[in-house]
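Q: My questions will all concern the structure given below.
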Amino acid sequence: MSIDGVSGGRAASRTPRTPCAPHSSGRRRLRCTALLAAGALLPLPVLAGCSTSESEPIVTAVPKDVATTSRGATRGGGTVRWAIDAVPATLNTFQSDADAGTDRVAGAVLPALFTLDDRGRPQRNENYLAAADVTEREPKQIVTYRLNRAATWSDGRKLGVADFTAQWKALSGKDKAYWTARNAGYDRIEKIEQGEKPQEVRVTFAKPYTDWRSLFTPLYPKSVMGSAGAFNDGARKMLKATAGPFALKSRGKGAVTLVRNPKWWGDKARLEKLVFQAVPRDKRAAALAQGRLDIAEVDRQAVEQIEAASERKGEGQKIPKADRGAAGSVALEARRAGAREERKAEGAAEKAARKRAEKAAEKARRAVEARQATLRGYTVRRSLEPAYTQLALNGSAGPLADERVRRAVARTIDRQAIAKAVLEPLGLPAQPLGSHLMVAGQQGYKDNSAALGSRDTAAAQALLTAAGWRESGAGLAGHRGSEKGERGGGQAKSAEVGTLQKDGKPLTLRFVLPSGPGTEPLRTAGDRISRMLAKIGIRTEITKVGDESYFKDHIASGDYDLALWSWPASAYPATDARPIFAKPQPAPDGSLIVEQNYTRVGTDHIDQLFDQAITELDGAASRALVRRADARIWAAAGSIPLYQRPQLVAVRSNLVNVGAFAFATPRYEDIGFKK
């Protein structure tokens, strides 16, 4: 199991959001139930109330980086190969093992009634909707959808009320035969009926629902949603009926292939074929160097190789530093091989050995030149992903069950320094994120970290003293390191400080970090955090574990004190964020239902604010309630946002209308090659 989620099997969850791997934007869904002791929380300070007239904060964000070009400036036809982590296990986005690849395919072949703009605001998709509005509020909320008359499934049937009804019944949570991973919002619908005209669909809600625009995207045909068998198994590998600019042609072991939909009624797709190619993150630089990909989200090392190739154009045979890995190692090994040949050569054989060495070196030089020439054909598009990395503090047991200790840890962390270390080398603004529920630039975003307090080690030490932790004397190392759970795996360097103790036990926190490919930024951040905590006498015992067990064996089960992982942001935080921060509740069998709140820190007040936000139909008022909830989450100190994750996308230079989209929804029909 990868660290971007934990398998939820057939269990239901109420949220589409799941933890992101450091190298993944995929989303998996689960409902996690764990046995643990509920930690008591101290009363939180009274925070300012909200007003429906509150002005919307506007924060400038890093814009999307896409080579926007008019459709007329692109040539029709061509094939684009777009890297994804793996071939999707399912093409049903509402199942627990759906991932980013599932979402990519769905976005190109299925109806999206609402898409997102640069600020994460839902926008009506005219290809499917002529109108969609709340037409009644009392006595119940009614939303009327007026469908585009041309909207047609590939089997020839018009989109209509039957599709809406089938999707509602499948996802409402009432029929347990459906293996659904989420039903938030659908469970609030009371009925769906035909409107006054054939293209009208009336949806009546039993409870008001502010995020109604999140529903029916993607919309599946009734042939998928109409029966549990079709939902559970029929849509996993193929989709018999689609309704997008592309149609599904095949799903193989290594790729999902889409072709231009001849029955599409909107702007004709510029590409003839779109191939989502399964290429692991650590293999993408090599695949780009071989010209086997056109679009790929990449890491910092790949970015450096692409930039080095452009900078070294025409500089002769010298091999740049960036090429001394991957393909560059070919040249290095060739030189070594040549040296060995020369050492072995004697007499007459010396000349032949020298020629072989020269030939090997020339071959390696040409390979590097070819690699660089290919890499020069790409441009790196960069923005900030709608996702953030956080420091999680497990409040279920141990020292962190005391809110004062959590707040002390949180107020010791230099979030600015960590953000700078990760983002500045990539040329991105190095600002720490100020919200758990929105990202910078998103509509309604506001930095609410003041509810916790600024970085202040003196205040942190005072909190620890109030919690009963006293310095035991100097001479103890600040933190230790271990690999794969083995203790004593080497001592990390840190300042020699006095370690805090209470009842004869040192204040030591278990810091669990992933060890797989692409997780280097997390480990770097973890080391920095450990050194920061050592300065106030908190020891951290670092345990590095494989990706397969990171969430399953540690995060989901609560076997950690500190951990780092990422959450995706949502255009609908009132719905999607609630399970992540909801107060854990006892189950009838004595266990504790934590949903996706892996820190096990929550309050009744936070839950109440989410409940109010989700029923408030005035958008500004709902966002104000979400901001109040975020301030309370900061004050509870169970999760500390560090930075918004970088989004780095290598794109073939003559490919336009694609790149680092940030929050915006791709418009697949506009992607194409420049004339």
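In the structure tokens, chains take letters A, B, ... by order of appearance, with residues numbered from 1 within each chain and ligands from 1 in the order shown.
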At a cut-off of 8 Å, can you tabulate as a Markdown table every residue of stretch 505-608 of chain A near stretch 638-650 of chain A together with its closest atom pair and the distance in Å to one decimal, using only C-alpha atoms and ordering rows by chain then number?
A:
```
| residue | atom | partner | partner_atom | distance |
| --- | --- | --- | --- | --- |
| A:Thr599 | CA | A:Gly638 | CA | 5.9 |
| A:Arg600 | CA | A:Gly638 | CA | 7.8 |
| A:Val601 | CA | A:Gly638 | CA | 5.6 |
```
Q: Leaving out stretch 376-386 of chain A and any residue of its chain fewer than 2 positions from it, which residues lie within 8 Å of it when counting only C-alpha atoms, given as an NGL selection string?
A: :A and (62-66 or 303 or 306-307 or 309-310 or 372-374 or 388 or 428 or 439 or 568-570 or 644-653 or 659-663)
Q: Fewer than 3 positions away in the same chain doesn't count, so skip those; otherwise give me all residues within 7 Å of stretch 261-270 of chain A, counting only C-alpha atoms, as a ChimeraX atom specification.
A: /A:76-77,127,150,154,244-247,669-672
Q: For A:Lys207, which residue out of A:Arg371, A:Phe551, A:Asp611, A:Thr115 is the nearest one, using only C-alpha atoms?
A: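 Between A:Arg371, A:Phe551, A:Asp611, A:Thr115, the residue approaching A:Lys207 most closely is A:Asp611.
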Q: Residues of stretch 144-212 of chain A in strand (DSSP E or B) according to DSSP, as a ChimeraX atom specification?
A: /A:144-147,152,158,189-194,200-205
Q: Can those selected residues be exported to a file as a compact mmCIF listing (two decimals), in the first residue's frame so that it contains C-alpha atoms?
A:
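Wrote result.txt, looks like this:
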```txt
# COMPACT_ATOMS: atom_id res chain seq x y z
CA THR A 144 -32.95 22.87 -10.70
CA TYR A 145 -30.53 21.71 -13.38
CA ARG A 146 -31.24 22.61 -16.98
CA LEU A 147 -29.15 20.33 -19.17
CA THR A 152 -25.47 12.86 -25.18
CA LYS A 158 -29.48 11.96 -23.79
CA ILE A 189 -30.99 14.47 -0.96
CA GLU A 190 -34.65 13.64 -0.39
CA LYS A 191 -35.81 13.09 -3.96
CA ILE A 192 -35.03 13.73 -7.63
CA GLU A 193 -37.73 14.41 -10.21
CA GLN A 194 -38.21 15.36 -13.79
CA GLU A 200 -34.77 19.80 -16.44
CA VAL A 201 -33.85 17.88 -13.28
CA ARG A 202 -35.18 18.94 -9.86
CA VAL A 203 -33.21 17.86 -6.79
CA THR A 204 -34.89 18.33 -3.40
CA PHE A 205 -32.69 18.24 -0.28
```
Q: Please provide the set of residues having any atom within 7 Å of A:Gly78, restricted to only C-alpha atoms, with same-chain residues fewer than 3 positions apart removed, written as a list in words.
A: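 So, after excluding close chain neighbours, the residues are Leu271, Glu272 and Lys273 of chain A.
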Q: Restricting the calculation to only C-alpha atoms, which member of A:Thr242, A:Ser172, A:Thr499, A:Thr210 is positioned closest to A:Leu110?
A: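 Closest candidate: A:Thr242.
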Q: Distance atom CA of A:Ala67-atom CA of A:Leu113, one decimal place?
A: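 If I compute the distance from atom CA of A:Ala67 to atom CA of A:Leu113, I get 25.1 Å.
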